[in-house]
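Data block below; observations after.
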Amino acid sequence: MKKAKLINSGISYIVSTMGHGDGITVCDAGLPIPGSTQRIDLAVTRGIPTFMETVKAIASELEIEGVEMAEEFKEKSPELHRELLVFLETIADERGKPVLISYIPHEEFKANTEKSLAVVRTGECTPFANVTLKSGVVF
C-alpha cells in the first residue's frame with residue numbers, strides 16, 4: 001500500500017503524468033465537467049470530502065506553480081477563498097517561489113476545465129469552490 005498522504009490511485013496517476021504547465025481541477029459538487037475530460041469523482045455526500053482537504057492532499061504530491069480560479073469565488077465565498085489563499089502562501093513560502101494566481105470569469109473557467117488532465121469532484125457545496133492547479137517543476 002502506498003505510504004504517502006495521497007492514496008487515491010486516479011489522482012496519483014494524473015499527478016505522476018503531469019508536465020510543466022499541465023492542470024488538474026478540483027471542484028465543488030455542482031461544477032459541470034466536460035465529457036471529454038477525465039472525471040475523478042470523490043463526492044460521497046454533502047461536504048465529504050471538502051474542497052480544502054482535497055486540494056491539500058493533491059498539493060502533498062504536486063509541485064504547484066500557479067492556480068486559476070473564477071473571479072466570482074472571491075466575492076461569493078470569501079471565507080473559503082481566503083483559506084485557499086493562505087494555503088497557497090504557505091506553499092509559496094515552503095518552495096521559496098511565488099504561486100501565480102489568476103482569475104477569470106466563471107464561464108471561462110468552466111470552459112477551461114476541458115484543458116485539465118482531470119477534474120476532481122468533491123462533496124463541497126460552497127459556491128464557486130473550484131480551482132485549477134497548474135504543475136510546476138521541482139528544479
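Numbering starts fresh at 1 for the residues of each chain in the C-alpha cells, the chains themselves are lettered A, B, ... in the order given, and ligands are numbered from 1 as they appear.
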**Request:** Report the residues of chain A whose backbone DSSP state falls under strand (DSSP E or B), written as JSON, numbers by chain.
**Result:** {"A": [23, 24, 25, 26, 27, 38, 39, 40, 41, 45, 48, 64, 65, 66, 67, 68, 69, 70, 100, 101, 102, 103, 104, 118, 119, 120, 121, 131, 132, 133, 134, 135]}
**Prompt:** Leaving out Ala118 (chain A) and any residue of its chain fewer than 2 positions from it, which residues lie within 9 Å of it when counting only C-alpha atoms, given as a list in words?
**Reply:**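 Answer for this query is Ile11, Ile14, Gly23, Ile24, Thr25, Val26, Thr37, Gln38, Arg39, Ile40, Thr113, Glu114, Lys115, Ser116 and Val120 of chain A.
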**Residue among A:Thr90, A:Ser36, A:Thr126, A:Ser12 lying closest to Asn112 (chain A), counting only C-alpha atoms** =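 Answer, going by the shortest atom-to-atom distance: A:Ser36.
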Could I get the residues of region 16-48 of chain A with an atom no further than 12 Å from an atom of region 57-78 of chain A, each paired with its nearest atom pair and that distance in Å to one decimal, using only C-alpha atoms, sorted by chain and residue number, as a Markdown table?
| residue | atom | partner | partner_atom | distance |
| --- | --- | --- | --- | --- |
| A:Ser16 | CA | A:Leu62 | CA | 8.3 |
| A:Thr17 | CA | A:Leu62 | CA | 10.6 |
| A:Met18 | CA | A:Leu62 | CA | 8.8 |
| A:Gly19 | CA | A:Glu63 | CA | 10.2 |
| A:His20 | CA | A:Glu65 | CA | 8.6 |
| A:Gly21 | CA | A:Glu65 | CA | 7.8 |
| A:Asp22 | CA | A:Glu65 | CA | 10.0 |
| A:Gly23 | CA | A:Val67 | CA | 8.6 |
| A:Ile24 | CA | A:Ile58 | CA | 9.3 |
| A:Thr25 | CA | A:Glu68 | CA | 9.0 |
| A:Val26 | CA | A:Ile58 | CA | 9.2 |
| A:Cys27 | CA | A:Met69 | CA | 10.3 |
| A:Asp28 | CA | A:Phe73 | CA | 11.4 |
| A:Leu31 | CA | A:Ala70 | CA | 11.7 |
**Request:** Tell me which protein, DNA and RNA residues are within 9 Å of Glu89 (chain A), counting only C-alpha atoms, leaving out same-chain ones fewer than 5 positions away, and put them as number ranges by chain.
**Result:** A: 84, 94, 98-99
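Taking only C-alpha atoms, the non-local environment of Ala43 (chain A) within 6 Å (same-chain residues fewer than 2 positions away omitted) comprises A:Asp41, A:Thr45, A:Thr122, A:Gly123.
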**Request:** Just the helix (DSSP H, G or I) stuff from chain A, please, per backbone DSSP, written as a VMD selection string.
**Result:** chain A and resid 9 to 17 51 to 59 71 to 76 78 to 95 106 to 115
Produce a file of the selected residues containing N, CA and C atoms, as a compact mmCIF listing (two decimals), in the first residue's frame.
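Once written, part-v5.txt looks like this:
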# COMPACT_ATOMS: atom_id res chain seq x y z
N SER A 9 -5.71 6.30 -6.32
CA SER A 9 -4.92 5.86 -7.46
C SER A 9 -5.13 6.73 -8.70
N GLY A 10 -6.36 7.17 -8.93
CA GLY A 10 -6.63 8.01 -10.10
C GLY A 10 -5.92 9.35 -10.03
N ILE A 11 -5.98 9.98 -8.86
CA ILE A 11 -5.32 11.28 -8.71
C ILE A 11 -3.81 11.10 -8.74
N SER A 12 -3.30 10.07 -8.06
CA SER A 12 -1.86 9.81 -8.07
C SER A 12 -1.35 9.62 -9.49
N TYR A 13 -2.11 8.89 -10.29
CA TYR A 13 -1.70 8.66 -11.67
C TYR A 13 -1.63 9.98 -12.44
N ILE A 14 -2.66 10.81 -12.32
CA ILE A 14 -2.68 12.09 -13.03
C ILE A 14 -1.49 12.95 -12.60
N VAL A 15 -1.26 13.06 -11.30
CA VAL A 15 -0.15 13.89 -10.81
C VAL A 15 1.18 13.36 -11.35
N SER A 16 1.33 12.05 -11.38
CA SER A 16 2.61 11.48 -11.84
C SER A 16 2.83 11.66 -13.33
N THR A 17 1.79 11.92 -14.09
CA THR A 17 1.94 12.10 -15.53
C THR A 17 1.95 13.57 -15.95
N PHE A 51 -13.46 20.60 -0.18
CA PHE A 51 -12.61 21.20 -1.20
C PHE A 51 -11.17 21.31 -0.69
N MET A 52 -10.99 21.90 0.50
CA MET A 52 -9.63 22.13 1.01
C MET A 52 -8.93 20.83 1.36
N GLU A 53 -9.62 19.84 1.90
CA GLU A 53 -8.98 18.55 2.17
C GLU A 53 -8.41 17.97 0.88
N THR A 54 -9.18 18.10 -0.18
CA THR A 54 -8.77 17.54 -1.47
C THR A 54 -7.60 18.32 -2.06
N VAL A 55 -7.67 19.64 -2.01
CA VAL A 55 -6.57 20.48 -2.51
C VAL A 55 -5.28 20.15 -1.74
N LYS A 56 -5.37 20.05 -0.44
CA LYS A 56 -4.18 19.78 0.38
C LYS A 56 -3.60 18.40 0.08
N ALA A 57 -4.45 17.41 -0.11
CA ALA A 57 -3.95 16.07 -0.43
C ALA A 57 -3.22 16.08 -1.77
N ILE A 58 -3.79 16.74 -2.77
CA ILE A 58 -3.14 16.81 -4.08
C ILE A 58 -1.84 17.60 -3.99
N ALA A 59 -1.85 18.70 -3.24
CA ALA A 59 -0.65 19.53 -3.09
C ALA A 59 0.48 18.80 -2.38
N GLU A 71 -13.37 34.56 -10.94
CA GLU A 71 -13.46 35.83 -10.22
C GLU A 71 -14.55 35.79 -9.15
N GLU A 72 -15.62 35.10 -9.44
CA GLU A 72 -16.77 35.04 -8.53
C GLU A 72 -16.45 34.37 -7.20
N PHE A 73 -15.44 33.52 -7.16
CA PHE A 73 -15.06 32.83 -5.93
C PHE A 73 -14.77 33.83 -4.81
N LYS A 74 -14.03 34.90 -5.15
CA LYS A 74 -13.65 35.92 -4.15
C LYS A 74 -14.85 36.53 -3.45
N GLU A 75 -15.85 36.89 -4.23
CA GLU A 75 -16.99 37.63 -3.66
C GLU A 75 -18.11 36.74 -3.15
N LYS A 76 -18.31 35.58 -3.75
CA LYS A 76 -19.43 34.71 -3.37
C LYS A 76 -19.09 33.78 -2.20
N PRO A 78 -16.08 34.24 0.23
CA PRO A 78 -14.84 34.87 0.66
C PRO A 78 -14.06 34.09 1.73
N GLU A 79 -14.74 33.39 2.63
CA GLU A 79 -14.03 32.66 3.68
C GLU A 79 -13.21 31.51 3.10
N LEU A 80 -13.83 30.71 2.26
CA LEU A 80 -13.13 29.58 1.66
C LEU A 80 -12.04 30.07 0.70
N HIS A 81 -12.33 31.14 -0.02
CA HIS A 81 -11.34 31.73 -0.91
C HIS A 81 -10.11 32.16 -0.12
N ARG A 82 -10.33 32.82 1.00
CA ARG A 82 -9.22 33.27 1.85
C ARG A 82 -8.43 32.08 2.39
N GLU A 83 -9.12 31.02 2.80
CA GLU A 83 -8.44 29.83 3.30
C GLU A 83 -7.53 29.24 2.22
N LEU A 84 -8.00 29.22 0.99
CA LEU A 84 -7.18 28.73 -0.11
C LEU A 84 -5.97 29.62 -0.32
N LEU A 85 -6.16 30.94 -0.29
CA LEU A 85 -5.03 31.86 -0.48
C LEU A 85 -3.97 31.69 0.61
N VAL A 86 -4.40 31.52 1.84
CA VAL A 86 -3.46 31.31 2.95
C VAL A 86 -2.66 30.02 2.71
N PHE A 87 -3.35 28.97 2.27
CA PHE A 87 -2.67 27.71 1.98
C PHE A 87 -1.66 27.89 0.85
N LEU A 88 -2.03 28.61 -0.18
CA LEU A 88 -1.13 28.85 -1.31
C LEU A 88 0.09 29.68 -0.88
N GLU A 89 -0.11 30.61 0.05
CA GLU A 89 1.01 31.38 0.59
C GLU A 89 1.97 30.47 1.33
N THR A 90 1.44 29.49 2.06
CA THR A 90 2.26 28.52 2.77
C THR A 90 3.10 27.71 1.78
N ILE A 91 2.47 27.27 0.71
CA ILE A 91 3.19 26.52 -0.33
C ILE A 91 4.31 27.39 -0.92
N ALA A 92 4.00 28.63 -1.21
CA ALA A 92 4.99 29.55 -1.78
C ALA A 92 6.17 29.72 -0.83
N ASP A 93 5.89 29.88 0.45
CA ASP A 93 6.95 30.05 1.44
C ASP A 93 7.83 28.80 1.51
N GLU A 94 7.20 27.62 1.48
CA GLU A 94 7.94 26.36 1.57
C GLU A 94 8.86 26.15 0.37
N ARG A 95 8.39 26.52 -0.81
CA ARG A 95 9.20 26.27 -2.01
C ARG A 95 10.10 27.44 -2.38
N HIS A 106 -16.32 33.06 -14.45
CA HIS A 106 -16.72 31.67 -14.19
C HIS A 106 -17.03 30.90 -15.47
N GLU A 107 -17.68 31.54 -16.42
CA GLU A 107 -18.00 30.84 -17.67
C GLU A 107 -16.73 30.41 -18.39
N GLU A 108 -15.71 31.27 -18.37
CA GLU A 108 -14.43 30.93 -18.99
C GLU A 108 -13.73 29.82 -18.20
N PHE A 109 -13.84 29.88 -16.86
CA PHE A 109 -13.26 28.83 -16.02
C PHE A 109 -13.87 27.47 -16.39
N LYS A 110 -15.19 27.43 -16.49
CA LYS A 110 -15.86 26.17 -16.85
C LYS A 110 -15.36 25.66 -18.20
N ALA A 111 -15.24 26.54 -19.16
CA ALA A 111 -14.75 26.13 -20.49
C ALA A 111 -13.31 25.62 -20.41
N ASN A 112 -12.49 26.25 -19.57
CA ASN A 112 -11.09 25.86 -19.46
C ASN A 112 -10.88 24.50 -18.80
N THR A 113 -11.89 24.00 -18.08
CA THR A 113 -11.73 22.69 -17.44
C THR A 113 -11.51 21.60 -18.49
N GLU A 114 -11.92 21.86 -19.70
CA GLU A 114 -11.70 20.90 -20.78
C GLU A 114 -10.21 20.69 -21.04
N LYS A 115 -9.38 21.68 -20.68
CA LYS A 115 -7.94 21.59 -20.88
C LYS A 115 -7.24 20.84 -19.75
**Message:** Let me make sure I understand: among A:Gly30, A:Phe128, A:Arg121, A:Leu100, which one has the smallest atom-to-atom distance to Val44 (chain A) if we use only C-alpha atoms?
**Reply:**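 Of A:Gly30, A:Phe128, A:Arg121, A:Leu100, the one nearest Val44 (chain A), counting only C-alpha atoms, is A:Arg121.
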